[in-house]
Amino acid sequence: MNKLLVSPSPHIHADVSTRTLMRDVIIALLPAVAVSVVFYGWKELLVLGVSVACCVLLEYLATRFLLKAPSTVGDLSAVVTGILLALNLPYTTPWWVVLIGAIVAVGVGKMTFGGLGQNVFNPALVGRVFLLISFPTYMTHWEMPQGLFGVDAVTGATPLGVIKEGLLQGGTVPQLMADHGYSYGQMLLANMGGSAGELSALALLLGFIYLLVRRVIKPHITLSIWATVALVSLIFWLAAPDRFTDPLFNLLTGGMILGSCFMATDYVTSPMSVMGGIVFGIGIGFITLMIRYFGSYPEGMSFAILLMNATVPLLNRWFHQKKYGRA
């Protein structure tokens, strides 16, 4: 016998489901995936394959045998977690390290809280930060390919790492930028070195535009992160241009674009209200810059997002959307 569900109006109908949203996110990530495979070759394909396969398998096993619930792998959220985790790793990461990252991402960051919709922290970032702390050698080993498909790769640091290390040795930002031939065009199109998700800001921005057009996400969180990073870094740069990087450098390097466009905007781990999202974004941008400028790590995006994820329950409590029909 079918149940008749009765609820008060208004009734809003839309052809939207978790699966369709996750499918759009996967499509939006394809340009970045394609660029990473072109530059890093079969090793990047291995990282992507292991990450996605392990995340899907682990979610299936957890839902069926631990939570005793129907499998949720069909909603494609595990695939998204696997792709994002892979894009946050160096393409030289051994397969067994990727496997551990997937176990932590899905097993600890997601299924421990009850699965999709109940996790407090972004699962891919939980896996990434765990690996960074547990396996720093693998997670900070960068190779910069000198041709297509990873031919003649050479070891090198990311632009953020180069600047951080160079400043500690007494160099200046303009000198380090000139010595290593960094240009904003290179950072936008193909920023050599770093994780696969740091390779091309343009590819990520294309995916971000797709999500906006499809109305999968709203821009207020991302734009508040960018505005905060631009404003705060502008203040520091104007005060001491030899010691601090400029706004454009901070916006185009590291995990800034990947984190602000695809992980900070996660429905589950971001605030529900617009004002809460703006505060959330401001916090991410500010913490990221403080870690970059004054912390031990050259990059702080992952830590910033996870720290602000923890504040989401408070932000949801402090900032409420107006109820329908209420002034």
# chains A, B, ... in the order shown; residues from 1 in each chain; ligands from 1
>>> residues_around(residues="range 34-38 of chain A", least_positions_apart="3", cutoff="9 Å", atoms="only C-alpha atoms", output="list in words")
Leu29, Leu30, Pro31, Gly41, Trp42, Lys43, Glu44, Leu45, Leu87, Tyr91, Leu148, Phe149, Gly150, Ala190, Ser195, Ala196, Gly197, Glu198, Leu199, Ser200 and Ala203 of chain A
>>> residues_around(residues="Pro94 in chain A", least_positions_apart="2", cutoff="8 Å", atoms="only C-alpha atoms", output="PDB file with N, CA, C and O atoms, in the first residue's frame")
ATOM      1  N   VAL A  47      46.839   7.331  -9.986  1.00  0.00           N
ATOM      2  CA  VAL A  47      46.378   7.974  -8.760  1.00  0.00           C
ATOM      3  C   VAL A  47      44.871   8.180  -8.798  1.00  0.00           C
ATOM      4  O   VAL A  47      44.148   7.882  -7.834  1.00  0.00           O
ATOM      5  N   THR A  92      53.066  11.610  -8.076  1.00  0.00           N
ATOM      6  CA  THR A  92      54.050  10.583  -7.722  1.00  0.00           C
ATOM      7  C   THR A  92      53.659   9.809  -6.473  1.00  0.00           C
ATOM      8  O   THR A  92      54.419   8.948  -6.019  1.00  0.00           O
ATOM      9  N   TRP A  96      49.616   2.746  -2.538  1.00  0.00           N
ATOM     10  CA  TRP A  96      49.183   2.346  -1.200  1.00  0.00           C
ATOM     11  C   TRP A  96      48.955   3.551  -0.294  1.00  0.00           C
ATOM     12  O   TRP A  96      48.126   3.496   0.620  1.00  0.00           O
ATOM     13  N   VAL A  97      49.644   4.666  -0.560  1.00  0.00           N
ATOM     14  CA  VAL A  97      49.380   5.903   0.177  1.00  0.00           C
ATOM     15  C   VAL A  97      48.023   6.474  -0.248  1.00  0.00           C
ATOM     16  O   VAL A  97      47.244   6.958   0.591  1.00  0.00           O
ATOM     17  N   VAL A  98      47.720   6.392  -1.550  1.00  0.00           N
ATOM     18  CA  VAL A  98      46.405   6.826  -2.029  1.00  0.00           C
ATOM     19  C   VAL A  98      45.312   5.993  -1.380  1.00  0.00           C
ATOM     20  O   VAL A  98      44.259   6.512  -0.981  1.00  0.00           O
ATOM     21  N   TYR A 138      56.234  11.881   0.936  1.00  0.00           N
ATOM     22  CA  TYR A 138      55.496  11.618  -0.298  1.00  0.00           C
ATOM     23  C   TYR A 138      54.637  12.812  -0.704  1.00  0.00           C
ATOM     24  O   TYR A 138      54.483  13.101  -1.889  1.00  0.00           O
TER      25      TYR A 138
END
>>> select_by_dssp(residues="range 5-208 of chain A", states="strand (DSSP E)", output="PyMOL selection string")
chain A and resi 143-144+154-155
>>> write_last_selection(atoms="N, CA and C atoms", output="mmCIF file, in the first residue's frame")
data_model
loop_
_atom_site.group_PDB
_atom_site.id
_atom_site.type_symbol
_atom_site.label_atom_id
_atom_site.label_comp_id
_atom_site.auth_asym_id
_atom_site.auth_seq_id
_atom_site.Cartn_x
_atom_site.Cartn_y
_atom_site.Cartn_z
ATOM 1 N N GLU A 143 57.286 16.831 -8.796
ATOM 2 C CA GLU A 143 58.032 16.727 -10.038
ATOM 3 C C GLU A 143 57.335 17.577 -11.086
ATOM 4 N N MET A 144 58.122 18.328 -11.842
ATOM 5 C CA MET A 144 57.585 19.219 -12.862
ATOM 6 C C MET A 144 57.889 18.652 -14.239
ATOM 7 N N VAL A 154 61.456 16.472 -13.745
ATOM 8 C CA VAL A 154 62.524 16.846 -12.828
ATOM 9 C C VAL A 154 61.913 17.253 -11.507
ATOM 10 N N THR A 155 62.638 17.011 -10.425
ATOM 11 C CA THR A 155 62.153 17.357 -9.104
ATOM 12 C C THR A 155 62.201 18.865 -8.903
#
>>> closest_atom_pairs(of="range 242-318 of chain A", to="range 126-132 of chain A", cutoff="8 Å", atoms="only C-alpha atoms", output="CSV")
residue,atom,partner,partner_atom,distance
A:Ser302,CA,A:Val129,CA,7.0
A:Phe303,CA,A:Val129,CA,7.4
A:Leu306,CA,A:Val126,CA,7.6
>>> residues_around(residues="range 117-121 of chain A", least_positions_apart="2", cutoff="7 Å", atoms="only C-alpha atoms", output="ChimeraX atom specification")
/A:109-110,113-115,123,126,268-269,306,309-310
>>> residues_around(residues="range 180-184 of chain A", least_positions_apart="4", cutoff="9 Å", atoms="only C-alpha atoms", output="MDAnalysis selection string")
chainID A and resid 159 162 175:176 188:189 191 248:249 252
>>> write_last_selection(atoms="N, CA and C atoms", output="tab-separated table (two decimals), in the first residue's frame")
chain	number	residue	atom	x	y	z
A	159	PRO	N	55.55	26.91	-6.53
A	159	PRO	CA	55.86	28.33	-6.37
A	159	PRO	C	55.73	28.81	-4.92
A	162	VAL	N	58.80	27.52	-3.11
A	162	VAL	CA	60.00	28.26	-3.52
A	162	VAL	C	60.08	29.60	-2.80
A	175	GLN	N	62.95	39.02	-6.43
A	175	GLN	CA	64.14	38.30	-6.88
A	175	GLN	C	63.82	36.83	-7.14
A	176	LEU	N	63.08	36.20	-6.23
A	176	LEU	CA	62.74	34.78	-6.37
A	176	LEU	C	61.81	34.56	-7.56
A	188	LEU	N	48.19	30.81	-14.53
A	188	LEU	CA	46.81	30.67	-14.97
A	188	LEU	C	46.62	29.46	-15.87
A	189	LEU	N	47.57	29.23	-16.77
A	189	LEU	CA	47.39	28.18	-17.77
A	189	LEU	C	47.99	26.85	-17.34
A	191	ASN	N	50.52	25.91	-14.21
A	191	ASN	CA	51.42	26.20	-13.10
A	191	ASN	C	52.19	24.94	-12.76
A	248	LEU	N	47.47	38.70	-6.79
A	248	LEU	CA	47.28	37.80	-7.93
A	248	LEU	C	48.06	36.51	-7.75
A	249	PHE	N	49.26	36.61	-7.21
A	249	PHE	CA	50.04	35.40	-6.94
A	249	PHE	C	49.30	34.49	-5.98
A	252	LEU	N	46.24	32.68	-7.66
A	252	LEU	CA	46.47	31.73	-8.73
A	252	LEU	C	47.34	30.54	-8.34
>>> residues_around(residues="Thr288 in chain A", least_positions_apart="5", cutoff="10 Å", atoms="only C-alpha atoms", output="ChimeraX atom specification")
/A:225,228-229,250,255-256,282-283,293,295,298-305
>>> select_by_dssp(residues="range 100-311 of chain A", states="helix (DSSP H, G or I)", output="MDAnalysis selection string")
chainID A and resid 100:108 111:113 123:134 136:139 148:150 159:168 173:179 184:189 196:198 201:213 220:239 247:252 256:263 274:294 301:309
>>> closest_residue(among="A:Val279, A:Leu84, A:Leu58, A:Leu168", to="Leu223 in chain A", atoms="only C-alpha atoms")
A:Val279
>>> closest_residue(among="A:Phe236, A:Phe319, A:Trp226, A:Trp95", to="Met272 in chain A", atoms="only C-alpha atoms")
A:Phe319
>>> residues_around(residues="Met177 in chain A", least_positions_apart="6", cutoff="12 Å", atoms="only C-alpha atoms", output="VMD selection string")
chain A and resid 158 to 164 166 to 167 171 183 to 184 187 242 to 246 249
>>> closest_residue(among="A:Arg19, A:Arg64, A:His141, A:Arg292", to="Glu165 in chain A", atoms="only C-alpha atoms")
A:Arg292
>>> atom_distance(atom1="CA of Ile284 in chain A", atom2="CA of Ala264 in chain A")
8.3 Å
>>> atom_distance(atom1="CA of Tyr297 in chain A", atom2="CA of Pro271 in chain A")
27.0 Å
